Amino acid sequence: MDIFSYSSLQKTSNIRNAEVQYMLHQLYQRSLSSSSTEIFHEVDLKPVFFEFGFIIIMKIVSGKRSYNGSKKWSFDRLISESFLPEKLINTVDHFPVLRWIGYQSTERKLKQGRKNKDSFLDELIQDYLLDTSSSADIDVVDGRKAEHKPLIGVFMSLQQDEPETYTDEVVKGIIGTMFSGGIGTSVDTMVAAMSLLLKHPEALVKLRDEIEFHVEEGRFISESDLPKLPYLQCVIQESLRLHPPVTIPLPHLLSQDCTVAGYDIPLGTWLSIFGAF
């Protein structure tokens, strides 16, 4: 409740609002042609949204906008390879004979990714603990004191009171889930929504009309405006329906023999179901 409750989410709204403004400014600069300030060119939104999501999670977790620790970490490569694996299904699970030849080196990559993720989280926590200047509690964008306590700080306090419950592994596990669950799904949803709006200009016009009616000119949309924008919420819901960011349902390891669609599936089998329902 201290971390994921509605009130805690509201305390970090200033982070998201500030980063939305920063992202829009950067997007505008990237879209300008170098030869003219009136000619625009196409911009790939996916890396823009990826950086946007990473910064928000970093600020919520550590209180800082970026990480200046070990130079071996390239945040986009680390997050994409260690926190956001491209494939949920290992072909070797379906064809065990391929394990003999190390097909695709999937297991080796997963082990290396887990090692990299664990080292990154260790450095992130140690960097917070060693920060004697209290910069972890300062919003580095505008220099003002943050209204929320970084997630690492919350866990460190809980760990002092209940060390057996909040072990280092538990803390790193939840923080790691924040990165893996809070970036990829958001990026995929935003990309899908923008793509659908471009393919359906009539919906884009209707959405712009709603925003212009409820948000006064010269001001960015904030999270407090969302209850007044039902059509925007419908756009997001429809994007999730048409393009789910994760496989539905996720692969399951059967705990007992069962029958699915007339097929007898034995205990210990990984089951993945595809297709429309």
# chains A, B, ... in the order shown; residues from 1 in each chain; ligands from 1

$ select_by_dssp --residues "range 96-272 of chain A" --states "strand (DSSP E)" --output "list of chain:residue names"
A:His252, A:Leu253, A:Cys258, A:Thr259, A:Val260, A:Tyr263, A:Asp264, A:Ile265, A:Trp270, A:Leu271

$ residues_around --residues "Met58 in chain A" --least-positions-apart "5" --cutoff "10 Å" --atoms "only C-alpha atoms" --output "PyMOL selection string"
chain A and resi 53+63-67+124+150-151+175+178-179

$ write_last_selection --atoms "all heavy atoms" --output "mmCIF file, in the first residue's frame"
data_model
loop_
_atom_site.group_PDB
_atom_site.id
_atom_site.type_symbol
_atom_site.label_atom_id
_atom_site.label_comp_id
_atom_site.auth_asym_id
_atom_site.auth_seq_id
_atom_site.Cartn_x
_atom_site.Cartn_y
_atom_site.Cartn_z
ATOM 1 N N GLY A 53 9.782 6.208 -20.956
ATOM 2 C CA GLY A 53 9.403 5.232 -19.936
ATOM 3 C C GLY A 53 10.531 4.917 -18.982
ATOM 4 O O GLY A 53 10.317 4.788 -17.766
ATOM 5 N N GLY A 63 14.938 8.257 -7.713
ATOM 6 C CA GLY A 63 14.886 9.690 -7.498
ATOM 7 C C GLY A 63 15.726 10.476 -8.471
ATOM 8 O O GLY A 63 15.752 11.705 -8.429
ATOM 9 N N LYS A 64 16.419 9.774 -9.369
ATOM 10 C CA LYS A 64 17.284 10.436 -10.345
ATOM 11 C C LYS A 64 16.792 10.186 -11.760
ATOM 12 O O LYS A 64 16.174 9.165 -12.047
ATOM 13 C CB LYS A 64 18.724 9.936 -10.213
ATOM 14 C CG LYS A 64 19.364 10.289 -8.879
ATOM 15 C CD LYS A 64 20.803 9.824 -8.845
ATOM 16 C CE LYS A 64 21.483 10.220 -7.535
ATOM 17 N NZ LYS A 64 22.885 9.782 -7.497
ATOM 18 N N ARG A 65 17.095 11.129 -12.623
ATOM 19 C CA ARG A 65 16.613 11.040 -13.998
ATOM 20 C C ARG A 65 17.443 10.082 -14.848
ATOM 21 O O ARG A 65 16.971 9.546 -15.837
ATOM 22 C CB ARG A 65 16.653 12.437 -14.630
ATOM 23 C CG ARG A 65 15.811 12.573 -15.882
ATOM 24 C CD ARG A 65 15.670 14.038 -16.263
ATOM 25 N NE ARG A 65 14.777 14.157 -17.387
ATOM 26 C CZ ARG A 65 15.144 14.006 -18.641
ATOM 27 N NH1 ARG A 65 16.402 13.740 -18.923
ATOM 28 N NH2 ARG A 65 14.271 14.113 -19.625
ATOM 29 N N SER A 66 18.674 9.891 -14.477
ATOM 30 C CA SER A 66 19.552 9.003 -15.231
ATOM 31 C C SER A 66 20.483 8.304 -14.262
ATOM 32 O O SER A 66 20.537 8.632 -13.072
ATOM 33 C CB SER A 66 20.363 9.781 -16.278
ATOM 34 O OG SER A 66 21.156 10.767 -15.654
ATOM 35 N N TYR A 67 21.242 7.351 -14.783
ATOM 36 C CA TYR A 67 22.176 6.599 -13.957
ATOM 37 C C TYR A 67 23.588 6.847 -14.429
ATOM 38 O O TYR A 67 23.907 6.674 -15.606
ATOM 39 C CB TYR A 67 21.847 5.108 -14.022
ATOM 40 C CG TYR A 67 22.770 4.266 -13.165
ATOM 41 C CD1 TYR A 67 22.755 4.393 -11.789
ATOM 42 C CD2 TYR A 67 23.654 3.370 -13.751
ATOM 43 C CE1 TYR A 67 23.599 3.637 -10.990
ATOM 44 C CE2 TYR A 67 24.495 2.602 -12.960
ATOM 45 C CZ TYR A 67 24.461 2.740 -11.585
ATOM 46 O OH TYR A 67 25.303 1.996 -10.811
ATOM 47 N N LEU A 124 22.552 0.150 -8.490
ATOM 48 C CA LEU A 124 21.538 1.190 -8.294
ATOM 49 C C LEU A 124 21.258 1.399 -6.811
ATOM 50 O O LEU A 124 21.175 2.535 -6.330
ATOM 51 C CB LEU A 124 20.252 0.784 -9.024
ATOM 52 C CG LEU A 124 19.271 1.898 -9.411
ATOM 53 C CD1 LEU A 124 19.931 2.870 -10.376
ATOM 54 C CD2 LEU A 124 18.023 1.293 -10.047
ATOM 55 N N PRO A 150 11.903 8.062 -3.000
ATOM 56 C CA PRO A 150 12.202 7.051 -4.013
ATOM 57 C C PRO A 150 11.916 5.644 -3.516
ATOM 58 O O PRO A 150 12.003 5.361 -2.317
ATOM 59 C CB PRO A 150 13.699 7.259 -4.282
ATOM 60 C CG PRO A 150 13.951 8.682 -3.913
ATOM 61 C CD PRO A 150 13.038 8.966 -2.759
ATOM 62 N N LEU A 151 11.572 4.774 -4.438
ATOM 63 C CA LEU A 151 11.195 3.409 -4.085
ATOM 64 C C LEU A 151 12.306 2.691 -3.322
ATOM 65 O O LEU A 151 12.045 1.948 -2.379
ATOM 66 C CB LEU A 151 10.840 2.633 -5.359
ATOM 67 C CG LEU A 151 10.252 1.241 -5.181
ATOM 68 C CD1 LEU A 151 8.957 1.308 -4.379
ATOM 69 C CD2 LEU A 151 9.999 0.598 -6.542
ATOM 70 N N ILE A 175 11.932 -4.136 -7.648
ATOM 71 C CA ILE A 175 12.469 -3.033 -8.447
ATOM 72 C C ILE A 175 12.678 -3.479 -9.894
ATOM 73 O O ILE A 175 12.373 -2.747 -10.846
ATOM 74 C CB ILE A 175 13.789 -2.522 -7.840
ATOM 75 C CG1 ILE A 175 13.516 -1.865 -6.490
ATOM 76 C CG2 ILE A 175 14.471 -1.524 -8.784
ATOM 77 C CD1 ILE A 175 14.766 -1.421 -5.762
ATOM 78 N N MET A 178 9.526 -3.407 -11.747
ATOM 79 C CA MET A 178 9.135 -2.046 -12.130
ATOM 80 C C MET A 178 9.698 -1.696 -13.506
ATOM 81 O O MET A 178 9.016 -1.083 -14.336
ATOM 82 C CB MET A 178 9.639 -1.040 -11.096
ATOM 83 C CG MET A 178 8.985 -1.156 -9.741
ATOM 84 S SD MET A 178 7.299 -0.525 -9.728
ATOM 85 C CE MET A 178 7.595 1.231 -9.930
ATOM 86 N N PHE A 179 10.948 -2.094 -13.754
ATOM 87 C CA PHE A 179 11.559 -1.818 -15.055
ATOM 88 C C PHE A 179 10.951 -2.694 -16.150
ATOM 89 O O PHE A 179 10.568 -2.201 -17.214
ATOM 90 C CB PHE A 179 13.075 -2.042 -14.994
ATOM 91 C CG PHE A 179 13.831 -0.918 -14.356
ATOM 92 C CD1 PHE A 179 14.242 -1.000 -13.032
ATOM 93 C CD2 PHE A 179 14.139 0.222 -15.075
ATOM 94 C CE1 PHE A 179 14.939 0.039 -12.433
ATOM 95 C CE2 PHE A 179 14.834 1.266 -14.487
ATOM 96 C CZ PHE A 179 15.237 1.177 -13.160
#

$ atom_distance --atom1 "CA of Ser239 in chain A" --atom2 "CA of Ala193 in chain A"
5.3 Å

$ closest_atom_pairs --of "range 17-64 of chain A" --to "range 3-12 of chain A" --cutoff "10 Å" --atoms "only C-alpha atoms" --output "CSV"
residue,atom,partner,partner_atom,distance
A:Asn17,CA,A:Thr12,CA,9.0
A:Ile56,CA,A:Thr12,CA,9.3
A:Lys59,CA,A:Thr12,CA,9.1
A:Ile60,CA,A:Thr12,CA,7.1

$ write_last_selection --atoms "N, CA, C and O atoms" --output "compact mmCIF listing (two decimals), in the first residue's frame"
# COMPACT_ATOMS: atom_id res chain seq x y z
N ASN A 17 4.17 14.25 -15.39
CA ASN A 17 3.79 15.48 -16.09
C ASN A 17 5.01 16.21 -16.62
O ASN A 17 5.02 16.71 -17.76
N ILE A 56 11.07 7.81 -16.40
CA ILE A 56 10.03 7.85 -15.37
C ILE A 56 10.28 6.77 -14.32
O ILE A 56 10.22 7.03 -13.11
N LYS A 59 13.25 7.67 -12.09
CA LYS A 59 12.99 8.72 -11.11
C LYS A 59 12.12 8.20 -9.97
O LYS A 59 12.29 8.59 -8.81
N ILE A 60 11.16 7.32 -10.28
CA ILE A 60 10.32 6.75 -9.23
C ILE A 60 11.13 5.81 -8.34
O ILE A 60 10.98 5.80 -7.12

$ closest_residue --among "A:Val61, A:Leu110, A:Ile183, A:Leu27" --to "Gly153 in chain A" --atoms "only C-alpha atoms"
A:Val61

$ atom_distance --atom1 "CA of Asn116 in chain A" --atom2 "CA of Ile174 in chain A"
16.1 Å

$ closest_atom_pairs --of "range 98-131 of chain A" --to "range 156-172 of chain A" --cutoff "8 Å" --atoms "only C-alpha atoms" --output "CSV"
residue,atom,partner,partner_atom,distance
A:Asp118,CA,A:Lys172,CA,7.5
A:Leu121,CA,A:Lys172,CA,6.2
A:Asp122,CA,A:Lys172,CA,7.7

$ residues_around --residues "Tyr28 in chain A" --least-positions-apart "3" --cutoff "12 Å" --atoms "only C-alpha atoms" --output "number ranges by chain"
A: 21-25, 31-33, 37-43, 45, 48

$ write_last_selection --atoms "N, CA and C atoms" --output "mmCIF file, in the first residue's frame"
data_model
loop_
_atom_site.group_PDB
_atom_site.id
_atom_site.type_symbol
_atom_site.label_atom_id
_atom_site.label_comp_id
_atom_site.auth_asym_id
_atom_site.auth_seq_id
_atom_site.Cartn_x
_atom_site.Cartn_y
_atom_site.Cartn_z
ATOM 1 N N GLN A 21 6.202 16.794 -20.769
ATOM 2 C CA GLN A 21 6.576 18.070 -21.372
ATOM 3 C C GLN A 21 7.970 18.005 -21.987
ATOM 4 N N TYR A 22 8.886 17.362 -21.269
ATOM 5 C CA TYR A 22 10.250 17.230 -21.790
ATOM 6 C C TYR A 22 10.260 16.389 -23.066
ATOM 7 N N MET A 23 9.492 15.300 -23.083
ATOM 8 C CA MET A 23 9.437 14.434 -24.250
ATOM 9 C C MET A 23 8.867 15.181 -25.458
ATOM 10 N N LEU A 24 7.808 15.955 -25.241
ATOM 11 C CA LEU A 24 7.198 16.696 -26.346
ATOM 12 C C LEU A 24 8.171 17.733 -26.900
ATOM 13 N N HIS A 25 8.939 18.369 -26.011
ATOM 14 C CA HIS A 25 9.938 19.336 -26.470
ATOM 15 C C HIS A 25 11.006 18.639 -27.312
ATOM 16 N N SER A 31 11.854 16.516 -34.831
ATOM 17 C CA SER A 31 11.028 16.513 -36.039
ATOM 18 C C SER A 31 11.366 17.663 -36.978
ATOM 19 N N LEU A 32 12.070 18.679 -36.467
ATOM 20 C CA LEU A 32 12.415 19.815 -37.316
ATOM 21 C C LEU A 32 13.485 19.441 -38.324
ATOM 22 N N SER A 33 13.327 19.923 -39.530
ATOM 23 C CA SER A 33 14.351 19.715 -40.553
ATOM 24 C C SER A 33 15.522 20.638 -40.281
ATOM 25 N N THR A 37 13.039 25.684 -40.258
ATOM 26 C CA THR A 37 12.246 25.511 -39.044
ATOM 27 C C THR A 37 10.772 25.313 -39.355
ATOM 28 N N GLU A 38 10.405 25.342 -40.637
ATOM 29 C CA GLU A 38 9.005 25.177 -41.022
ATOM 30 C C GLU A 38 8.754 23.859 -41.737
ATOM 31 N N ILE A 39 9.820 23.079 -41.954
ATOM 32 C CA ILE A 39 9.684 21.791 -42.626
ATOM 33 C C ILE A 39 9.966 20.677 -41.617
ATOM 34 N N PHE A 40 9.053 19.736 -41.530
ATOM 35 C CA PHE A 40 9.191 18.652 -40.569
ATOM 36 C C PHE A 40 9.479 17.342 -41.287
ATOM 37 N N HIS A 41 10.047 16.399 -40.575
ATOM 38 C CA HIS A 41 10.293 15.074 -41.135
ATOM 39 C C HIS A 41 9.835 14.018 -40.142
ATOM 40 N N GLU A 42 9.766 12.793 -40.601
ATOM 41 C CA GLU A 42 9.261 11.703 -39.783
ATOM 42 C C GLU A 42 10.214 11.376 -38.630
ATOM 43 N N VAL A 43 9.645 10.943 -37.520
ATOM 44 C CA VAL A 43 10.419 10.543 -36.351
ATOM 45 C C VAL A 43 9.903 9.190 -35.880
ATOM 46 N N LEU A 45 8.823 6.937 -33.234
ATOM 47 C CA LEU A 45 8.348 7.220 -31.884
ATOM 48 C C LEU A 45 8.789 6.178 -30.859
ATOM 49 N N VAL A 48 11.718 7.111 -28.717
ATOM 50 C CA VAL A 48 11.339 8.275 -27.911
ATOM 51 C C VAL A 48 10.522 7.835 -26.713
#

$ atom_distance --atom1 "CA of Tyr231 in chain A" --atom2 "CA of Ser186 in chain A"
18.8 Å

$ residues_around --residues "Arg208 in chain A" --least-positions-apart "2" --cutoff "12 Å" --atoms "only C-alpha atoms" --output "ChimeraX atom specification"
/A:197,201-206,210-215,221,229,231-232,235

$ closest_residue --among "A:Gly218, A:Pro245, A:Pro227, A:Gly176" --to "Ala192 in chain A" --atoms "only C-alpha atoms"
A:Pro245

$ select_by_dssp --residues "range 111-197 of chain A" --states "helix (DSSP H, G or I)" --output "PyMOL selection string"
chain A and resi 111-129+135-137+151-161+168-182+184-197

$ closest_residue --among "A:Pro266, A:Val246, A:Arg241, A:Glu19" --to "Gly184 in chain A" --atoms "only C-alpha atoms"
A:Val246

$ decode --residues "range 154-183 of chain A" --atoms "N, CA, C and O atoms" --output "PDB file, in the first residue's frame"
ATOM      1  N   VAL A 154      12.196   3.740   0.247  1.00  0.00           N
ATOM      2  CA  VAL A 154      11.091   3.098   0.968  1.00  0.00           C
ATOM      3  C   VAL A 154      11.484   1.691   1.384  1.00  0.00           C
ATOM      4  O   VAL A 154      11.276   1.276   2.531  1.00  0.00           O
ATOM      5  N   PHE A 155      12.087   0.948   0.473  1.00  0.00           N
ATOM      6  CA  PHE A 155      12.471  -0.427   0.775  1.00  0.00           C
ATOM      7  C   PHE A 155      13.591  -0.497   1.802  1.00  0.00           C
ATOM      8  O   PHE A 155      13.631  -1.418   2.628  1.00  0.00           O
ATOM      9  N   MET A 156      14.516   0.459   1.756  1.00  0.00           N
ATOM     10  CA  MET A 156      15.592   0.453   2.739  1.00  0.00           C
ATOM     11  C   MET A 156      15.048   0.692   4.150  1.00  0.00           C
ATOM     12  O   MET A 156      15.530   0.107   5.128  1.00  0.00           O
ATOM     13  N   SER A 157      14.025   1.538   4.258  1.00  0.00           N
ATOM     14  CA  SER A 157      13.400   1.768   5.563  1.00  0.00           C
ATOM     15  C   SER A 157      12.670   0.523   6.043  1.00  0.00           C
ATOM     16  O   SER A 157      12.755   0.148   7.214  1.00  0.00           O
ATOM     17  N   LEU A 158      11.950  -0.120   5.122  1.00  0.00           N
ATOM     18  CA  LEU A 158      11.238  -1.344   5.476  1.00  0.00           C
ATOM     19  C   LEU A 158      12.213  -2.460   5.847  1.00  0.00           C
ATOM     20  O   LEU A 158      11.938  -3.275   6.731  1.00  0.00           O
ATOM     21  N   GLN A 159      13.350  -2.478   5.173  1.00  0.00           N
ATOM     22  CA  GLN A 159      14.342  -3.517   5.440  1.00  0.00           C
ATOM     23  C   GLN A 159      14.921  -3.375   6.838  1.00  0.00           C
ATOM     24  O   GLN A 159      15.228  -4.374   7.494  1.00  0.00           O
ATOM     25  N   GLN A 160      15.070  -2.155   7.312  1.00  0.00           N
ATOM     26  CA  GLN A 160      15.582  -1.952   8.666  1.00  0.00           C
ATOM     27  C   GLN A 160      14.609  -2.486   9.716  1.00  0.00           C
ATOM     28  O   GLN A 160      15.018  -3.022  10.744  1.00  0.00           O
ATOM     29  N   ASP A 161      13.306  -2.342   9.447  1.00  0.00           N
ATOM     30  CA  ASP A 161      12.295  -2.788  10.402  1.00  0.00           C
ATOM     31  C   ASP A 161      12.039  -4.300  10.295  1.00  0.00           C
ATOM     32  O   ASP A 161      11.812  -4.958  11.310  1.00  0.00           O
ATOM     33  N   GLU A 162      12.060  -4.822   9.079  1.00  0.00           N
ATOM     34  CA  GLU A 162      11.770  -6.240   8.858  1.00  0.00           C
ATOM     35  C   GLU A 162      12.802  -6.849   7.905  1.00  0.00           C
ATOM     36  O   GLU A 162      12.493  -7.142   6.753  1.00  0.00           O
ATOM     37  N   PRO A 163      14.041  -7.032   8.356  1.00  0.00           N
ATOM     38  CA  PRO A 163      15.100  -7.523   7.470  1.00  0.00           C
ATOM     39  C   PRO A 163      14.839  -8.919   6.917  1.00  0.00           C
ATOM     40  O   PRO A 163      15.275  -9.234   5.810  1.00  0.00           O
ATOM     41  N   GLU A 164      14.114  -9.755   7.669  1.00  0.00           N
ATOM     42  CA  GLU A 164      13.860 -11.110   7.195  1.00  0.00           C
ATOM     43  C   GLU A 164      12.807 -11.128   6.085  1.00  0.00           C
ATOM     44  O   GLU A 164      12.797 -12.044   5.255  1.00  0.00           O
ATOM     45  N   THR A 165      11.927 -10.149   6.067  1.00  0.00           N
ATOM     46  CA  THR A 165      10.887 -10.075   5.037  1.00  0.00           C
ATOM     47  C   THR A 165      11.399  -9.360   3.791  1.00  0.00           C
ATOM     48  O   THR A 165      11.244  -9.843   2.667  1.00  0.00           O
ATOM     49  N   TYR A 166      12.020  -8.205   4.000  1.00  0.00           N
ATOM     50  CA  TYR A 166      12.496  -7.399   2.872  1.00  0.00           C
ATOM     51  C   TYR A 166      13.991  -7.653   2.656  1.00  0.00           C
ATOM     52  O   TYR A 166      14.829  -6.803   2.934  1.00  0.00           O
ATOM     53  N   THR A 167      14.289  -8.835   2.172  1.00  0.00           N
ATOM     54  CA  THR A 167      15.678  -9.184   1.881  1.00  0.00           C
ATOM     55  C   THR A 167      16.138  -8.471   0.611  1.00  0.00           C
ATOM     56  O   THR A 167      15.325  -7.901  -0.133  1.00  0.00           O
ATOM     57  N   ASP A 168      17.437  -8.511   0.356  1.00  0.00           N
ATOM     58  CA  ASP A 168      17.967  -7.881  -0.851  1.00  0.00           C
ATOM     59  C   ASP A 168      17.348  -8.483  -2.103  1.00  0.00           C
ATOM     60  O   ASP A 168      17.060  -7.763  -3.080  1.00  0.00           O
ATOM     61  N   GLU A 169      17.109  -9.793  -2.086  1.00  0.00           N
ATOM     62  CA  GLU A 169      16.531 -10.454  -3.259  1.00  0.00           C
ATOM     63  C   GLU A 169      15.098  -9.990  -3.508  1.00  0.00           C
ATOM     64  O   GLU A 169      14.684  -9.789  -4.647  1.00  0.00           O
ATOM     65  N   VAL A 170      14.342  -9.827  -2.429  1.00  0.00           N
ATOM     66  CA  VAL A 170      12.963  -9.355  -2.560  1.00  0.00           C
ATOM     67  C   VAL A 170      12.942  -7.927  -3.101  1.00  0.00           C
ATOM     68  O   VAL A 170      12.171  -7.585  -4.012  1.00  0.00           O
ATOM     69  N   VAL A 171      13.792  -7.076  -2.555  1.00  0.00           N
ATOM     70  CA  VAL A 171      13.860  -5.679  -2.986  1.00  0.00           C
ATOM     71  C   VAL A 171      14.246  -5.587  -4.457  1.00  0.00           C
ATOM     72  O   VAL A 171      13.597  -4.881  -5.249  1.00  0.00           O
ATOM     73  N   LYS A 172      15.293  -6.298  -4.842  1.00  0.00           N
ATOM     74  CA  LYS A 172      15.722  -6.263  -6.241  1.00  0.00           C
ATOM     75  C   LYS A 172      14.670  -6.868  -7.164  1.00  0.00           C
ATOM     76  O   LYS A 172      14.502  -6.425  -8.307  1.00  0.00           O
ATOM     77  N   GLY A 173      13.952  -7.880  -6.665  1.00  0.00           N
ATOM     78  CA  GLY A 173      12.921  -8.500  -7.481  1.00  0.00           C
ATOM     79  C   GLY A 173      11.804  -7.530  -7.823  1.00  0.00           C
ATOM     80  O   GLY A 173      11.369  -7.452  -8.978  1.00  0.00           O
ATOM     81  N   ILE A 174      11.344  -6.758  -6.837  1.00  0.00           N
ATOM     82  CA  ILE A 174      10.254  -5.812  -7.081  1.00  0.00           C
ATOM     83  C   ILE A 174      10.724  -4.638  -7.930  1.00  0.00           C
ATOM     84  O   ILE A 174      10.023  -4.186  -8.838  1.00  0.00           O
ATOM     85  N   ILE A 175      11.932  -4.136  -7.648  1.00  0.00           N
ATOM     86  CA  ILE A 175      12.469  -3.033  -8.447  1.00  0.00           C
ATOM     87  C   ILE A 175      12.678  -3.479  -9.894  1.00  0.00           C
ATOM     88  O   ILE A 175      12.373  -2.747 -10.846  1.00  0.00           O
ATOM     89  N   GLY A 176      13.179  -4.710 -10.067  1.00  0.00           N
ATOM     90  CA  GLY A 176      13.356  -5.232 -11.419  1.00  0.00           C
ATOM     91  C   GLY A 176      12.038  -5.352 -12.155  1.00  0.00           C
ATOM     92  O   GLY A 176      11.955  -5.088 -13.366  1.00  0.00           O
ATOM     93  N   THR A 177      10.985  -5.722 -11.431  1.00  0.00           N
ATOM     94  CA  THR A 177       9.661  -5.817 -12.037  1.00  0.00           C
ATOM     95  C   THR A 177       9.156  -4.447 -12.465  1.00  0.00           C
ATOM     96  O   THR A 177       8.435  -4.326 -13.478  1.00  0.00           O
ATOM     97  N   MET A 178       9.526  -3.407 -11.747  1.00  0.00           N
ATOM     98  CA  MET A 178       9.135  -2.046 -12.130  1.00  0.00           C
ATOM     99  C   MET A 178       9.698  -1.696 -13.506  1.00  0.00           C
ATOM    100  O   MET A 178       9.016  -1.083 -14.336  1.00  0.00           O
ATOM    101  N   PHE A 179      10.948  -2.094 -13.754  1.00  0.00           N
ATOM    102  CA  PHE A 179      11.559  -1.818 -15.055  1.00  0.00           C
ATOM    103  C   PHE A 179      10.951  -2.694 -16.150  1.00  0.00           C
ATOM    104  O   PHE A 179      10.568  -2.201 -17.214  1.00  0.00           O
ATOM    105  N   SER A 180      10.878  -3.997 -15.879  1.00  0.00           N
ATOM    106  CA  SER A 180      10.401  -4.921 -16.922  1.00  0.00           C
ATOM    107  C   SER A 180       8.913  -4.761 -17.195  1.00  0.00           C
ATOM    108  O   SER A 180       8.474  -4.898 -18.344  1.00  0.00           O
ATOM    109  N   GLY A 181       8.121  -4.457 -16.155  1.00  0.00           N
ATOM    110  CA  GLY A 181       6.683  -4.341 -16.355  1.00  0.00           C
ATOM    111  C   GLY A 181       6.210  -2.931 -16.642  1.00  0.00           C
ATOM    112  O   GLY A 181       5.093  -2.745 -17.122  1.00  0.00           O
ATOM    113  N   GLY A 182       7.047  -1.947 -16.367  1.00  0.00           N
ATOM    114  CA  GLY A 182       6.600  -0.566 -16.519  1.00  0.00           C
ATOM    115  C   GLY A 182       7.060   0.139 -17.769  1.00  0.00           C
ATOM    116  O   GLY A 182       6.632   1.271 -18.034  1.00  0.00           O
ATOM    117  N   ILE A 183       7.930  -0.486 -18.555  1.00  0.00           N
ATOM    118  CA  ILE A 183       8.454   0.190 -19.748  1.00  0.00           C
ATOM    119  C   ILE A 183       7.891  -0.425 -21.030  1.00  0.00           C
ATOM    120  O   ILE A 183       7.226   0.258 -21.811  1.00  0.00           O
TER     121      ILE A 183
END
